[in-house]
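*Asks:* Sharing entry09.txt below, compact mmCIF, C-alpha atoms:
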```txt
# COMPACT_ATOMS: atom_id res chain seq x y z
CA MET A 197 0.00 0.00 0.00
CA ILE A 198 1.46 3.28 -1.20
CA HIS A 199 -0.02 6.69 -0.67
CA LEU A 200 0.35 10.38 0.11
CA THR A 201 -1.85 11.95 2.75
CA HIS A 202 -2.59 15.28 4.41
CA ASP A 203 -3.66 13.48 7.57
CA GLN A 204 -1.70 12.19 10.54
CA ILE A 205 -0.08 8.84 9.76
CA ASP A 206 -1.50 5.98 11.82
CA TYR A 207 1.75 4.05 11.96
CA ALA A 208 0.38 1.40 14.31
CA ALA A 209 -2.33 0.52 11.77
CA LEU A 210 0.25 0.72 8.97
CA THR A 211 2.54 -1.71 10.79
CA GLU A 212 -0.38 -4.05 11.43
CA SER A 213 -1.26 -3.95 7.73
CA VAL A 214 2.01 -5.64 6.70
CA ARG A 215 1.87 -8.45 9.25
CA SER A 216 1.12 -11.94 7.99
CA HIS A 217 1.73 -15.56 8.87
CA ASP A 218 4.33 -15.71 6.07
CA SER A 219 6.58 -13.21 7.83
CA GLY A 220 8.67 -13.58 10.94
CA ALA A 221 10.00 -10.01 10.74
CA VAL A 222 8.38 -6.60 10.50
CA VAL A 223 10.45 -3.40 10.28
CA LEU A 224 8.92 0.04 10.67
CA PHE A 225 10.80 3.25 9.82
CA LEU A 226 9.36 6.61 10.86
CA GLY A 227 10.69 9.97 9.70
CA THR A 228 9.78 12.70 12.19
CA VAL A 229 10.16 16.49 12.28
CA ARG A 230 13.45 17.27 14.06
CA GLU A 231 14.09 20.51 15.91
CA LEU A 232 17.80 21.15 15.23
CA THR A 233 19.60 21.12 11.88
CA SER A 234 23.21 22.34 11.88
CA GLY A 235 22.47 24.44 14.96
CA ARG A 236 19.34 26.10 13.51
CA ARG A 237 15.96 25.62 15.14
CA THR A 238 13.00 24.33 13.12
CA VAL A 239 9.49 25.18 14.26
CA ALA A 240 7.63 23.41 11.41
CA LEU A 241 8.06 21.86 7.98
CA ASP A 242 5.83 22.25 4.93
CA TYR A 243 5.86 19.34 2.48
CA ASP A 244 4.77 19.51 -1.14
CA ALA A 245 4.69 16.73 -3.72
CA TYR A 246 4.15 16.14 -7.41
CA GLY A 247 1.46 13.63 -6.50
CA PRO A 248 1.04 11.38 -9.56
CA MET A 249 4.80 11.06 -10.11
CA ALA A 250 5.51 10.58 -6.40
CA GLU A 251 3.05 7.69 -6.25
CA ALA A 252 4.47 6.17 -9.45
CA LYS A 253 8.02 6.42 -8.08
CA LEU A 254 6.95 4.84 -4.79
CA GLN A 255 5.39 1.96 -6.76
CA ASP A 256 8.70 1.59 -8.64
CA LEU A 257 10.54 1.49 -5.30
CA GLU A 258 8.28 -1.24 -3.99
CA ALA A 259 8.82 -3.26 -7.19
CA GLU A 260 12.59 -2.84 -6.92
CA ALA A 261 12.58 -3.90 -3.24
CA ARG A 262 10.56 -6.99 -4.18
CA ARG A 263 13.07 -7.77 -6.92
CA ARG A 264 16.00 -7.59 -4.46
CA TRP A 265 14.56 -9.15 -1.30
CA PRO A 266 11.88 -11.74 -0.48
CA VAL A 267 9.43 -9.06 0.64
CA ASP A 268 6.03 -10.17 1.86
CA GLN A 269 4.17 -6.86 2.37
CA VAL A 270 5.17 -3.20 1.96
CA ALA A 271 3.37 -0.06 3.13
CA ILE A 272 4.71 3.46 2.52
CA VAL A 273 2.85 6.62 3.47
CA HIS A 274 4.25 10.14 3.11
CA ARG A 275 2.52 13.10 4.67
CA ILE A 276 2.10 16.38 2.75
CA GLY A 277 1.23 19.83 4.13
CA HIS A 278 2.14 21.60 7.36
CA LEU A 279 3.87 19.46 10.02
CA GLU A 280 4.80 20.49 13.53
CA LEU A 281 7.82 19.36 15.53
CA GLY A 282 7.67 15.66 16.27
CA ASP A 283 5.02 14.90 13.63
CA VAL A 284 5.56 11.79 11.52
CA SER A 285 6.34 12.80 7.92
CA VAL A 286 6.91 9.35 6.47
CA ALA A 287 6.35 5.74 7.49
CA VAL A 288 7.80 2.69 5.78
CA ALA A 289 6.71 -0.76 6.96
CA VAL A 290 8.12 -3.96 5.49
CA SER A 291 7.55 -7.59 6.32
CA CYS A 292 9.78 -10.48 5.27
CA PRO A 293 10.22 -14.05 6.41
CA HIS A 294 13.51 -13.10 8.15
CA ARG A 295 14.86 -9.94 9.81
CA HIS A 296 18.01 -9.29 7.76
CA ASP A 297 15.97 -8.92 4.59
CA ALA A 298 13.35 -6.79 6.33
CA PHE A 299 15.97 -4.36 7.70
CA GLU A 300 17.78 -4.10 4.36
CA ALA A 301 14.60 -3.64 2.34
CA ALA A 302 13.31 -0.93 4.71
CA ARG A 303 16.65 0.88 4.57
CA PHE A 304 16.70 0.73 0.78
CA LEU A 305 13.13 2.05 0.58
CA ILE A 306 13.66 5.11 2.79
CA ASP A 307 17.14 5.92 1.44
CA THR A 308 15.98 5.75 -2.17
CA LEU A 309 12.72 7.58 -1.47
CA LYS A 310 14.76 10.54 -0.25
CA VAL A 311 16.62 10.92 -3.56
CA THR A 312 14.09 9.85 -6.22
CA VAL A 313 10.52 10.62 -5.10
CA PRO A 314 9.36 14.15 -6.02
CA ILE A 315 8.51 15.49 -2.58
CA TRP A 316 10.01 18.65 -1.08
CA LYS A 317 10.23 20.07 2.40
CA LYS A 318 10.32 23.74 3.36
CA GLU A 319 11.94 24.73 6.63
CA ASN A 320 10.13 27.18 8.89
CA TRP A 321 13.02 28.42 11.03
CA SER A 322 12.62 29.87 14.51
CA ASP A 323 13.76 33.31 13.25
CA GLY A 324 10.64 33.50 11.08
CA THR A 325 12.32 32.78 7.74
CA THR A 326 11.39 29.92 5.43
CA GLU A 327 13.59 27.97 3.03
CA TRP A 328 13.03 25.10 0.60
CA VAL A 329 15.44 22.24 1.18
CA HIS A 330 17.13 21.23 -2.06
CA PRO A 331 20.14 18.93 -1.76
CA ASP A 332 22.86 19.97 -4.20
CA GLY A 333 22.49 16.73 -6.13
CA ALA A 334 25.89 15.40 -5.15
CA PRO A 335 25.58 12.58 -2.64
CA THR A 336 26.26 13.76 0.90
CA ALA A 337 26.12 12.09 4.27
CA GLU A 338 22.54 13.40 4.53
CA ASN A 339 21.13 12.26 1.21
CA LYS A 340 23.25 9.47 -0.19
CA VAL A 341 21.85 6.04 -0.80
CA ALA A 342 23.85 3.85 1.51
CA PRO A 343 25.15 0.66 -0.04
CA VAL A 344 23.46 -2.28 1.58
CA ARG A 345 25.97 -4.85 2.73
CA PRO A 346 25.82 -7.73 5.17
CA LEU A 347 26.65 -6.86 8.75
CA ASP A 348 30.15 -7.75 9.84
CA LEU A 349 29.84 -9.05 13.38
CA ARG A 350 33.39 -10.34 13.79
CA ASN A 351 34.50 -7.35 15.88
CA VAL A 352 31.32 -6.88 17.83
CA SER A 353 31.58 -7.96 21.44
CA LEU A 354 28.36 -9.03 23.03
CA PRO A 355 27.65 -8.51 26.72
CA ALA A 356 28.28 -11.60 28.79
CA ALA A 357 25.19 -13.64 29.43
CA PRO A 358 23.77 -13.16 32.91
CA LYS A 359 24.71 -15.98 35.24
CA MET B 70 4.27 24.12 -30.28
CA LYS B 71 3.00 25.29 -26.90
CA ILE B 72 4.23 23.29 -23.92
CA GLU B 73 2.86 23.67 -20.43
CA VAL B 74 5.35 23.02 -17.61
CA ARG B 75 4.41 22.44 -13.98
CA LEU B 76 6.81 23.90 -11.41
CA PHE B 77 7.44 22.86 -7.82
CA ALA B 78 9.16 24.08 -4.66
CA ARG B 79 11.82 26.76 -5.11
CA ALA B 80 11.27 26.84 -8.90
CA ARG B 81 7.59 27.67 -8.35
CA ASP B 82 8.42 30.37 -5.83
CA ALA B 83 11.10 31.90 -8.11
CA VAL B 84 8.68 32.20 -11.03
CA GLY B 85 5.62 32.96 -8.91
CA ALA B 86 3.41 30.50 -10.82
CA GLU B 87 2.47 26.82 -10.62
CA ARG B 88 2.50 26.45 -14.42
CA VAL B 89 4.16 28.26 -17.29
CA THR B 90 3.66 27.92 -21.02
CA LEU B 91 6.64 27.82 -23.37
CA GLU B 92 6.72 28.16 -27.15
CA LEU B 93 9.07 25.53 -28.57
CA PRO B 94 9.91 24.42 -32.10
CA ALA B 95 8.34 21.17 -33.31
CA GLU B 96 10.46 18.13 -32.34
CA ALA B 97 12.02 20.04 -29.46
CA ARG B 98 13.73 17.98 -26.79
CA VAL B 99 14.04 18.43 -23.04
CA GLY B 100 17.34 20.32 -23.50
CA ASP B 101 15.51 22.88 -25.66
CA LEU B 102 12.77 23.16 -23.06
CA ARG B 103 15.35 23.75 -20.36
CA ALA B 104 17.01 26.52 -22.43
CA ALA B 105 13.65 28.18 -23.18
CA LEU B 106 12.67 28.09 -19.52
CA ALA B 107 15.92 29.77 -18.47
CA ALA B 108 15.57 32.40 -21.24
CA ASP B 109 11.94 33.25 -20.46
CA TYR B 110 12.31 33.19 -16.67
CA PRO B 111 15.66 34.71 -15.67
CA LYS B 112 14.73 34.26 -12.00
CA LEU B 113 15.29 30.53 -12.52
CA ALA B 114 18.89 31.16 -13.56
CA PRO B 115 20.45 30.49 -10.13
CA LEU B 116 18.63 27.13 -10.03
CA ALA B 117 18.96 26.21 -13.69
CA HIS B 118 21.86 23.78 -13.37
CA THR B 119 20.08 21.79 -10.65
CA LEU B 120 16.61 21.56 -12.22
CA LEU B 121 15.21 18.13 -13.00
CA VAL B 122 12.66 17.55 -15.74
CA ALA B 123 9.99 14.87 -15.73
CA VAL B 124 8.00 13.77 -18.77
CA GLY B 125 4.93 11.93 -17.58
CA THR B 126 5.99 10.24 -14.36
CA GLU B 127 9.60 9.55 -15.43
CA TYR B 128 12.76 11.61 -15.11
CA ALA B 129 13.90 12.77 -18.55
CA ASP B 130 17.34 13.67 -19.86
CA ASP B 131 18.06 16.47 -22.31
CA ARG B 132 17.64 14.16 -25.33
CA SER B 133 14.14 13.06 -24.36
CA ALA B 134 11.36 14.08 -26.73
CA VAL B 135 8.73 16.62 -25.78
CA SER B 136 5.24 16.75 -27.24
CA PRO B 137 2.21 18.95 -26.53
CA ASP B 138 0.52 15.84 -25.09
CA SER B 139 3.28 15.26 -22.53
CA GLU B 140 2.73 16.15 -18.90
CA ILE B 141 5.93 18.03 -18.12
CA ALA B 142 7.24 19.11 -14.73
CA CYS B 143 10.38 20.91 -13.69
CA PHE B 144 11.75 21.06 -10.15
CA PRO B 145 14.89 21.26 -8.00
CA PRO B 146 16.36 18.18 -6.26
CA VAL B 147 13.88 16.40 -4.01
CA SER B 148 13.94 16.45 -0.21
CA GLY B 149 11.18 14.20 1.05
CA GLY B 150 11.45 11.93 4.02
```
Have the structure of the file written as structure tokens, please.

*Replies:*
Amino acid sequence: MIHLTHDQIDYAALTESVRSHDSGAVVLFLGTVRELTSGRRTVALDYDAYGPMAEAKLQDLEAEARRRWPVDQVAIVHRIGHLELGDVSVAVAVSCPHRHDAFEAARFLIDTLKVTVPIWKKENWSDGTTEWVHPDGAPTAENKVAPVRPLDLRNVSLPAAPK
Amino acid sequence: MKIEVRLFARARDAVGAERVTLELPAEARVGDLRAALAADYPKLAPLAHTLLVAVGTEYADDRSAVSPDSEIACFPPVSGG
């Protein structure tokens, strides 16, 4: 299920919608309105979208995720309009038989959404100014699509099991 | 031919309109559209090198064909999420 909405995102219902007996793993990602960006204070964000293309691109993303991972169900909802601090702007829920695939597919979906789906946010700064956010196109730490690679756990030390 | 272009985000604010109409030669391509947009709307100049063009619901490069039937949109890099 893919859609854009002006309403609050019911992420509990969205998460429930991807659960099934075929899946042992459900991953939910929420994007929320953050207060501080590089030391500047945000009071609200306004989101706009090119609706038909955004929905088509989200469908393409779902298809690509299904091509790469054994995805059971996918739900992506992006909110449009005026959002206050803490509001949920986007929710991505993915179910897969196993957790590694679910984490990787969810990460791919949100990372790729941020660089390909025609949606824009406008900052409303605490000094009263507003500013559209337009990444410069070159991948940066903020907007790059992270390569998905298997976790390397060889150097991870786990806490000792309780006696 | 007359081509209507939808604008979004900073491009819309710079021009002050949600849609503009361009006059392009027959068989024009997206590169021609981009040049005409910059010529007719100098306020887009600072953004011009970053603008993306979509024909229908797909991103288009400068060689892509444009026709009066195409739904065309032009916008700066996206920032959803």

*Asks:* Select residues of chain A: the criterion is any atom within 6 Å of an atom of chain B, counting all atoms listed in the file; output as an mmCIF file with C-alpha atoms, in the frame of the given file.

*Replies:*
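Below is the file that was written, result-v9.cif:
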```cif
data_model
loop_
_atom_site.group_PDB
_atom_site.id
_atom_site.type_symbol
_atom_site.label_atom_id
_atom_site.label_comp_id
_atom_site.auth_asym_id
_atom_site.auth_seq_id
_atom_site.Cartn_x
_atom_site.Cartn_y
_atom_site.Cartn_z
ATOM 1 C CA MET A 249 4.800 11.060 -10.110
ATOM 2 C CA VAL A 286 6.910 9.350 6.470
ATOM 3 C CA LYS A 310 14.760 10.540 -0.250
ATOM 4 C CA PRO A 314 9.360 14.150 -6.020
ATOM 5 C CA ILE A 315 8.510 15.490 -2.580
ATOM 6 C CA TRP A 316 10.010 18.650 -1.080
ATOM 7 C CA LYS A 317 10.230 20.070 2.400
ATOM 8 C CA HIS A 330 17.130 21.230 -2.060
ATOM 9 C CA PRO A 331 20.140 18.930 -1.760
#
```

*Asks:* Between B:Val74, B:Ala107, B:Ser136, B:Ala129, single out the one closest to Pro94 (chain B), counting all atoms listed in the file.

*Replies:*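 Closest to Pro94 (chain B) of all the choices is B:Ser136.
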
*Asks:* CA of Thr238 (chain A) and CA of Ile306 (chain A) are how many Å apart?

*Replies:* 21.8 Å

*Asks:* Rank nothing, just name the residue among B:Glu140, B:Leu91, B:Gly85, B:Ala117 nearest to Ala105 (chain B), using all atoms listed in the file.

*Replies:*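 The shortest atom-to-atom distance to Ala105 (chain B) comes from B:Leu91.
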
*Asks:* For CA of Leu309 (chain A) and CA of Tyr207 (chain A), quote the distance in Å rounded to one decimal.

*Replies:*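 Value for the CA of Leu309 (chain A)-CA of Tyr207 (chain A) distance: 17.7 Å.
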
*Asks:* Fewer than 5 positions away in the same chain doesn't count, so skip those; otherwise give me all residues within 8 Å of Gly277 (chain A), counting only C-alpha atoms, as a CSV table (one decimal) with C-alpha atoms, keeping the file's coordinate frame.

*Replies:*
```csv
chain,number,residue,atom,x,y,z
A,202,HIS,CA,-2.6,15.3,4.4
A,242,ASP,CA,5.8,22.2,4.9
A,243,TYR,CA,5.9,19.3,2.5
A,244,ASP,CA,4.8,19.5,-1.1
```

*Asks:* Build an axis-aligned box that encloses every atom of region 309-318 of chain A listed in the file, pad it by 5 Å on each side, and report its centre and edge lengths in Å to one decimal, as lines of an AutoDock Vina configuration file.

*Replies:*
```
center_x = 12.6
center_y = 15.7
center_z = -1.4
size_x = 18.1
size_y = 26.2
size_z = 19.6
```

*Asks:* Please provide the set of residues having any atom within 9 Å of Leu102 (chain B), restricted to all atoms listed in the file, with same-chain residues fewer than 5 positions apart removed, written as a ChimeraX atom specification.

*Replies:* /B:72,91-93,97,107,131,135

*Asks:* For Glu251 (chain A), please output as a list in words all residues within 10 Å (counting all atoms listed in the file; exclusion window: fewer than 6 positions along the same chain).

*Replies:*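 That gives Ile198, His199, Leu200, Ala245, Leu257, Ile272, Val273, His274, Val313 and Pro314 of chain A; Thr126 of chain B.
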
*Asks:* Between CA of Val214 (chain A) and CA of Arg275 (chain A), what is the distance, to one decimal in Å?

*Replies:*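 Here the two named atoms are 18.9 Å from each other.
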
*Asks:* List the neighbours of Leu210 (chain A) out to 12 Å using all atoms listed in the file; skip same-chain residues closer than 5 positions along the sequence, and give me the result as a list in words.

*Replies:* Met197, Ile198, His199, Gln204, Ile205, Arg215, Val222, Val223, Leu224, Phe225, Leu226, Gln269, Val270, Ala271, Ile272, Val273, His274, Val286, Ala287, Val288, Ala289, Val290 and Ser291 of chain A

*Asks:* Of the residues B:Met70, B:Ile141, B:Ala104, B:Tyr110, which is the one nearest to Ala86 (chain B), using only C-alpha atoms?

*Replies:* B:Tyr110

*Asks:* Name all residues at most 8 Å from Glu258 (chain A) (count only C-alpha atoms; drop same-chain ones fewer than 3 positions away) and give them as an mmCIF file with C-alpha atoms, keeping the file's coordinate frame.

*Replies:*
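Output below, filename part.cif:
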```cif
data_model
loop_
_atom_site.group_PDB
_atom_site.id
_atom_site.type_symbol
_atom_site.label_atom_id
_atom_site.label_comp_id
_atom_site.auth_asym_id
_atom_site.auth_seq_id
_atom_site.Cartn_x
_atom_site.Cartn_y
_atom_site.Cartn_z
ATOM 1 C CA LEU A 254 6.950 4.840 -4.790
ATOM 2 C CA GLN A 255 5.390 1.960 -6.760
ATOM 3 C CA ALA A 261 12.580 -3.900 -3.240
ATOM 4 C CA ARG A 262 10.560 -6.990 -4.180
ATOM 5 C CA VAL A 270 5.170 -3.200 1.960
ATOM 6 C CA LEU A 305 13.130 2.050 0.580
#
```
